[in-house]
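Shown below: final.txt, with compact mmCIF, C-alpha atoms.
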```txt
# COMPACT_ATOMS: atom_id res chain seq x y z
CA MET A 59 40.58 -38.42 -65.57
CA ILE A 60 41.83 -36.25 -68.44
CA ARG A 61 38.69 -34.10 -68.29
CA LEU A 62 39.15 -33.64 -64.54
CA LEU A 63 42.77 -32.50 -65.00
CA ALA A 64 41.70 -30.07 -67.74
CA ALA A 65 39.00 -28.60 -65.49
CA VAL A 66 41.48 -28.14 -62.63
CA LEU A 67 43.97 -26.45 -64.99
CA LEU A 68 41.28 -24.08 -66.29
CA MET A 69 40.24 -23.13 -62.73
CA TYR A 70 43.88 -22.47 -61.83
CA THR A 71 44.34 -20.26 -64.90
CA PHE A 72 41.27 -18.19 -63.96
CA CYS A 73 42.90 -17.45 -60.61
CA LEU A 74 46.10 -16.05 -62.10
CA PRO A 75 46.70 -12.28 -61.62
CA GLY A 76 45.50 -10.12 -64.50
CA PHE A 77 43.09 -12.72 -65.86
CA SER A 78 40.13 -10.36 -66.19
CA ALA A 79 36.42 -11.04 -66.51
CA ASP A 80 36.64 -10.24 -70.23
CA THR A 81 39.40 -12.80 -70.66
CA LYS A 82 37.41 -15.42 -68.76
CA ALA A 83 34.43 -14.72 -71.00
CA ALA A 84 36.62 -15.25 -74.05
CA VAL A 85 37.70 -18.65 -72.67
CA ASN A 86 34.10 -19.63 -71.99
CA ASN A 87 33.12 -18.59 -75.52
CA GLN A 88 35.91 -20.71 -76.94
CA LYS A 89 34.78 -23.71 -74.87
CA ALA A 90 31.25 -23.24 -76.16
CA GLY A 91 32.50 -23.25 -79.73
CA THR A 92 31.87 -19.55 -80.39
CA PRO A 93 34.09 -18.25 -83.22
CA GLN A 94 36.83 -16.00 -81.93
CA PHE A 95 38.25 -12.72 -83.29
CA HIS A 96 35.02 -11.75 -85.03
CA GLU A 97 34.73 -8.07 -84.10
CA ARG A 98 35.30 -6.08 -87.29
CA ASN A 99 35.06 -2.43 -86.23
CA PRO A 100 36.37 -1.91 -82.70
CA ARG A 101 36.53 1.63 -81.28
CA TYR A 102 39.96 3.13 -80.66
CA GLN A 103 41.13 2.86 -77.06
CA VAL A 104 43.38 5.64 -75.80
CA ARG A 105 46.83 4.72 -74.54
CA SER A 106 49.82 6.29 -72.84
CA GLY A 107 51.35 9.08 -74.92
CA ASP A 108 48.10 10.01 -76.66
CA SER A 109 46.99 13.64 -76.51
CA ILE A 110 43.35 14.71 -76.02
CA GLU A 111 41.61 18.07 -76.12
CA LEU A 112 38.68 18.88 -73.81
CA THR A 113 36.24 21.62 -74.76
CA PHE A 114 33.62 22.77 -72.23
CA PHE A 115 30.37 24.65 -72.88
CA PRO A 116 29.54 27.08 -71.44
CA ALA A 117 32.53 26.84 -69.04
CA ALA A 118 35.26 27.59 -71.60
CA GLU A 119 37.75 28.38 -68.82
CA PHE A 120 38.07 24.62 -68.31
CA ASN A 121 39.18 23.95 -71.89
CA GLN A 122 42.48 22.04 -71.88
CA VAL A 123 44.81 19.80 -73.86
CA LEU A 124 46.13 16.78 -71.96
CA SER A 125 48.68 14.02 -72.51
CA ILE A 126 47.94 10.57 -71.14
CA GLN A 127 50.71 9.76 -68.69
CA PRO A 128 52.73 6.50 -68.73
CA ASP A 129 50.65 5.22 -65.80
CA GLY A 130 47.40 5.78 -67.73
CA TYR A 131 46.17 8.87 -65.86
CA VAL A 132 45.39 12.43 -66.95
CA SER A 133 45.46 15.39 -64.59
CA LEU A 134 42.20 17.32 -65.00
CA ARG A 135 42.11 20.99 -64.10
CA GLU A 136 40.48 21.54 -60.69
CA VAL A 137 39.40 17.91 -60.16
CA GLY A 138 42.67 15.93 -60.17
CA ASP A 139 43.76 12.65 -61.71
CA VAL A 140 41.48 10.25 -63.59
CA TYR A 141 42.53 6.87 -65.04
CA VAL A 142 41.69 6.79 -68.76
CA LYS A 143 43.99 4.25 -70.43
CA GLY A 144 42.08 1.70 -72.49
CA LYS A 145 38.89 3.76 -72.76
CA THR A 146 37.14 4.64 -76.00
CA LEU A 147 36.27 8.31 -76.63
CA PRO A 148 32.62 7.87 -75.48
CA GLU A 149 33.84 6.11 -72.32
CA LEU A 150 36.45 8.81 -71.80
CA ARG A 151 33.83 11.57 -72.12
CA GLU A 152 31.63 9.77 -69.59
CA SER A 153 34.48 9.45 -67.06
CA ILE A 154 35.49 13.09 -67.45
CA SER A 155 31.88 14.27 -67.17
CA ALA A 156 31.49 12.28 -63.96
CA ALA A 157 34.66 13.85 -62.54
CA TYR A 158 33.50 17.39 -63.33
CA ALA A 159 29.97 16.76 -62.06
CA LYS A 160 31.44 17.50 -58.60
CA ILE A 161 32.02 21.16 -59.48
CA LEU A 162 30.02 21.89 -62.65
CA SER A 163 26.32 21.58 -63.41
CA ASP A 164 25.70 19.51 -66.56
CA PRO A 165 28.49 20.89 -68.74
CA VAL A 166 28.66 19.85 -72.40
CA ILE A 167 32.12 18.30 -72.83
CA THR A 168 33.66 17.48 -76.19
CA VAL A 169 36.65 15.12 -76.24
CA THR A 170 38.89 15.21 -79.32
CA LEU A 171 41.81 12.90 -79.98
CA LYS A 172 44.68 15.18 -81.01
CA GLU A 173 47.73 12.91 -81.23
CA PHE A 174 47.85 9.14 -81.12
CA GLU A 175 49.90 6.17 -82.22
CA LYS A 176 48.76 5.13 -85.67
CA PRO A 177 47.02 1.73 -85.66
CA HIS A 178 49.46 -0.98 -86.67
CA ILE A 179 50.03 -4.70 -86.86
CA THR A 180 53.22 -6.75 -86.63
CA VAL A 181 54.08 -9.60 -89.00
CA GLY A 182 57.03 -11.87 -88.22
CA GLY A 183 58.53 -15.24 -89.01
CA GLN A 184 58.73 -16.73 -92.47
CA VAL A 185 57.61 -13.75 -94.56
CA GLY A 186 59.58 -11.69 -97.07
CA LYS A 187 59.61 -8.45 -95.06
CA PRO A 188 58.95 -8.96 -91.33
CA GLY A 189 58.08 -5.79 -89.47
CA LYS A 190 55.44 -3.35 -88.24
CA TYR A 191 52.80 -2.12 -90.70
CA GLU A 192 50.14 0.56 -90.45
CA LEU A 193 46.60 -0.77 -90.36
CA ARG A 194 45.02 1.70 -92.76
CA ALA A 195 41.94 -0.28 -93.82
CA ASP A 196 40.02 -3.46 -93.13
CA THR A 197 42.74 -6.13 -93.45
CA THR A 198 42.73 -9.91 -93.05
CA VAL A 199 45.55 -12.26 -92.05
CA SER A 200 46.21 -13.34 -95.64
CA GLU A 201 46.30 -9.72 -96.81
CA ALA A 202 48.74 -8.78 -94.02
CA VAL A 203 51.05 -11.63 -95.01
CA ALA A 204 50.95 -10.40 -98.61
CA VAL A 205 51.80 -6.84 -97.52
CA ALA A 206 54.74 -8.26 -95.55
CA GLY A 207 56.27 -9.72 -98.70
CA GLY A 208 54.44 -13.03 -98.84
CA LEU A 209 55.54 -16.43 -97.56
CA THR A 210 59.08 -17.77 -97.75
CA ASP A 211 59.89 -21.27 -98.98
CA LYS A 212 60.27 -22.42 -95.36
CA ALA A 213 56.85 -21.18 -94.20
CA LYS A 214 54.49 -23.57 -92.45
CA HIS A 215 51.47 -21.67 -93.71
CA SER A 216 48.91 -24.13 -92.39
CA GLN A 217 49.77 -23.11 -88.81
CA VAL A 218 50.09 -19.33 -88.79
CA LEU A 219 49.68 -17.83 -85.31
CA LEU A 220 47.64 -14.71 -84.58
CA PHE A 221 48.21 -13.04 -81.21
CA ARG A 222 45.65 -10.57 -79.83
CA ARG A 223 45.85 -8.77 -76.49
CA VAL A 224 42.82 -9.35 -74.26
CA SER A 225 44.14 -7.61 -71.14
CA ASP A 226 47.29 -5.90 -69.92
CA GLU A 227 48.79 -9.28 -69.00
CA TRP A 228 47.28 -11.80 -71.43
CA MET A 229 47.25 -12.54 -75.15
CA GLU A 230 44.80 -14.79 -76.98
CA VAL A 231 46.35 -17.09 -79.59
CA LYS A 232 44.57 -18.35 -82.68
CA LYS A 233 45.88 -20.75 -85.34
CA VAL A 234 45.09 -19.67 -88.89
CA ASP A 235 45.30 -22.16 -91.75
CA LEU A 236 46.45 -20.00 -94.67
CA LYS A 237 46.81 -23.10 -96.82
CA ASN A 238 43.10 -23.75 -96.42
CA ILE A 239 42.25 -20.08 -97.01
CA TYR A 240 44.25 -20.07 -100.26
CA LYS A 241 42.12 -23.00 -101.41
CA GLY A 242 39.02 -20.82 -101.13
CA ASN A 243 37.86 -21.08 -97.53
CA VAL A 244 37.97 -17.31 -97.05
CA GLN A 245 35.54 -17.38 -94.12
CA GLU A 246 38.50 -18.53 -92.00
CA ASP A 247 40.50 -15.41 -92.92
CA ILE A 248 40.35 -13.36 -89.70
CA HIS A 249 39.98 -9.59 -89.86
CA LEU A 250 42.72 -7.82 -87.92
CA GLN A 251 42.61 -5.27 -85.14
CA PRO A 252 45.25 -2.68 -84.14
CA GLY A 253 48.04 -4.32 -82.16
CA ASP A 254 47.54 -7.81 -83.61
CA MET A 255 50.70 -9.84 -84.19
CA ILE A 256 51.08 -12.52 -86.85
CA VAL A 257 53.82 -15.16 -86.78
CA VAL A 258 54.45 -17.54 -89.69
CA PRO A 259 56.49 -20.49 -88.34
CA GLN A 260 58.82 -22.77 -90.25
CA SER A 261 57.99 -25.93 -88.32
CA THR A 262 54.90 -27.75 -87.12
CA ILE A 263 53.44 -26.52 -83.85
CA SER A 264 52.32 -29.52 -81.85
CA LYS A 265 50.53 -27.59 -79.11
CA ILE A 266 49.95 -24.00 -78.03
CA LYS A 267 47.74 -22.69 -75.25
CA PRO A 268 44.75 -20.52 -76.23
CA PHE A 269 45.93 -17.80 -73.82
CA ILE A 270 49.52 -16.86 -72.96
CA PRO A 271 51.13 -14.12 -70.83
CA VAL A 272 52.09 -10.99 -72.77
CA TRP A 273 55.73 -11.31 -71.68
CA SER A 274 56.06 -14.69 -73.44
CA VAL A 275 55.10 -13.46 -76.92
CA GLY A 276 58.76 -12.77 -77.74
CA THR A 277 59.38 -16.51 -77.58
CA TYR A 278 57.21 -16.91 -80.68
CA MET A 279 58.25 -13.71 -82.46
CA GLY A 280 61.95 -14.50 -82.32
CA GLY A 281 62.35 -17.99 -80.95
CA GLY A 282 62.68 -21.52 -82.20
CA LEU A 283 59.49 -21.46 -84.26
CA LEU A 284 61.04 -19.10 -86.77
```
Output the structure of this file as structure tokens.
Amino acid sequence: MIRLLAAVLLMYTFCLPGFSADTKAAVNNQKAGTPQFHERNPRYQVRSGDSIELTFFPAAEFNQVLSIQPDGYVSLREVGDVYVKGKTLPELRESISAAYAKILSDPVITVTLKEFEKPHITVGGQVGKPGKYELRADTTVSEAVAVAGGLTDKAKHSQVLLFRRVSDEWMEVKKVDLKNIYKGNVQEDIHLQPGDMIVVPQSTISKIKPFIPVWSVGTYMGGGLL
């Protein structure tokens, strides 16, 4: 009976708006026992407010510098708007090349990231200096906690929460046992990605869902757990 209810709940979750194919794949991987959060070197994905420069050869008259609009689009000269938010530079170049294929014959297009938000992580809860920190190098959860001033006396460091965005609407949640890591089990020390959020609670967390809506993260960052 319990397994049946769990299956029904999982099917319902898959039907929720914004639960993408990538998110579903992450759930299936977790069910199969695949370790999560293992990608070490993800490519940067452009976001609203970033600035990009396009250089065309031999059609230099199409060279342009563009800002990604709040809705995720850029307005390309002569061909109109293209949605680019969330794309890596190779994906961005492919999309722009496809757009210009309508009016140009095999142009060589170079895409350069001019201005962008510096990669960062957020550490909150029971640490000495909660806040936002630049992600300048390969950093693990334990290292991020150390950068944020270390644990306070009230920290429940066996149940640290790591939040990672998997779509515009959903965050994946992973429990990290810092207590176990400090004993030498460093393989459990997850490597961070830009945008990750770490929360060190002061009380035991009895249950947390593996995926939560983005809007609910504030409950953990500033709510009763802290």
### Query
Using only C-alpha atoms, which residues sit within 7 Å of stretch 146-161 of chain A once same-chain residues fewer than 4 positions away are excluded, as number ranges by chain?
A: 101-104, 137, 142, 167, 169
### Task
For atom CA of A:Glu136 and atom CA of A:Arg105, determine how far apart the two atoms are, in Å to one decimal place.
22.7 Å
Please define a box with edges along x, y and z of the file around all atoms of stretch 221-231 of chain A given in the file, extend it by 8 Å on each side, and return its centre and edge lengths in Å to one decimal, as AutoDock Vina command-line options.
```
--center_x 45.8 --center_y -11.5 --center_z -75.1 --size_x 22.0 --size_y 27.2 --size_z 28.2
```
### Task
Would you mind reading off the distance between atom CA of A:Ile270 and atom CA of A:Leu219, one decimal, in Å?
12.4 Å
### Task
Rounded to one decimal place, report the atom CA of A:Val244-atom CA of A:Leu193 distance in Å.
19.8 Å
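Ranking A:Glu230, A:Asp211, A:Asp139, A:Glu175 by their shortest atom-to-atom distance to A:Glu192, with all atoms listed in the file included, puts A:Glu175 first.
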What would stretch 249-270 of chain A look like with N, CA and C atoms restored, written as a CSV table (one decimal), keeping the file's coordinate frame?
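See selection27.csv below for the written result:
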```csv
chain,number,residue,atom,x,y,z
A,249,HIS,N,39.8,-11.0,-89.7
A,249,HIS,CA,40.0,-9.6,-89.9
A,249,HIS,C,40.8,-9.1,-88.7
A,250,LEU,N,41.8,-8.2,-88.9
A,250,LEU,CA,42.7,-7.8,-87.9
A,250,LEU,C,42.3,-6.6,-87.2
A,251,GLN,N,42.8,-6.4,-86.0
A,251,GLN,CA,42.6,-5.3,-85.1
A,251,GLN,C,44.0,-4.6,-84.8
A,252,PRO,N,44.0,-3.3,-84.5
A,252,PRO,CA,45.2,-2.7,-84.1
A,252,PRO,C,46.0,-3.4,-83.0
A,253,GLY,N,47.3,-3.6,-83.2
A,253,GLY,CA,48.0,-4.3,-82.2
A,253,GLY,C,48.2,-5.8,-82.4
A,254,ASP,N,47.4,-6.4,-83.3
A,254,ASP,CA,47.5,-7.8,-83.6
A,254,ASP,C,49.0,-8.1,-84.1
A,255,MET,N,49.4,-9.3,-83.8
A,255,MET,CA,50.7,-9.8,-84.2
A,255,MET,C,50.5,-11.2,-84.9
A,256,ILE,N,51.2,-11.3,-86.0
A,256,ILE,CA,51.1,-12.5,-86.8
A,256,ILE,C,52.5,-13.1,-86.9
A,257,VAL,N,52.6,-14.4,-86.7
A,257,VAL,CA,53.8,-15.2,-86.8
A,257,VAL,C,53.6,-16.3,-87.7
A,258,VAL,N,54.5,-16.4,-88.8
A,258,VAL,CA,54.4,-17.5,-89.7
A,258,VAL,C,55.6,-18.4,-89.3
A,259,PRO,N,55.4,-19.6,-88.8
A,259,PRO,CA,56.5,-20.5,-88.3
A,259,PRO,C,57.1,-21.3,-89.5
A,260,GLN,N,58.2,-21.9,-89.2
A,260,GLN,CA,58.8,-22.8,-90.2
A,260,GLN,C,58.7,-24.2,-89.9
A,261,SER,N,58.1,-24.5,-88.7
A,261,SER,CA,58.0,-25.9,-88.3
A,261,SER,C,56.6,-26.1,-87.7
A,262,THR,N,56.2,-27.4,-87.7
A,262,THR,CA,54.9,-27.8,-87.1
A,262,THR,C,54.8,-27.4,-85.6
A,263,ILE,N,53.7,-26.8,-85.3
A,263,ILE,CA,53.4,-26.5,-83.8
A,263,ILE,C,52.5,-27.6,-83.3
A,264,SER,N,53.1,-28.4,-82.4
A,264,SER,CA,52.3,-29.5,-81.8
A,264,SER,C,51.2,-29.1,-80.9
A,265,LYS,N,51.5,-28.0,-80.1
A,265,LYS,CA,50.5,-27.6,-79.1
A,265,LYS,C,50.8,-26.2,-78.7
A,266,ILE,N,49.8,-25.3,-78.6
A,266,ILE,CA,50.0,-24.0,-78.0
A,266,ILE,C,48.7,-23.7,-77.2
A,267,LYS,N,48.9,-23.0,-76.1
A,267,LYS,CA,47.7,-22.7,-75.2
A,267,LYS,C,46.9,-21.6,-75.9
A,268,PRO,N,45.6,-21.6,-75.6
A,268,PRO,CA,44.8,-20.5,-76.2
A,268,PRO,C,45.0,-19.1,-75.7
A,269,PHE,N,45.6,-19.1,-74.4
A,269,PHE,CA,45.9,-17.8,-73.8
A,269,PHE,C,47.3,-17.9,-73.2
A,270,ILE,N,48.2,-16.9,-73.5
A,270,ILE,CA,49.5,-16.9,-73.0
A,270,ILE,C,49.8,-15.5,-72.3
```
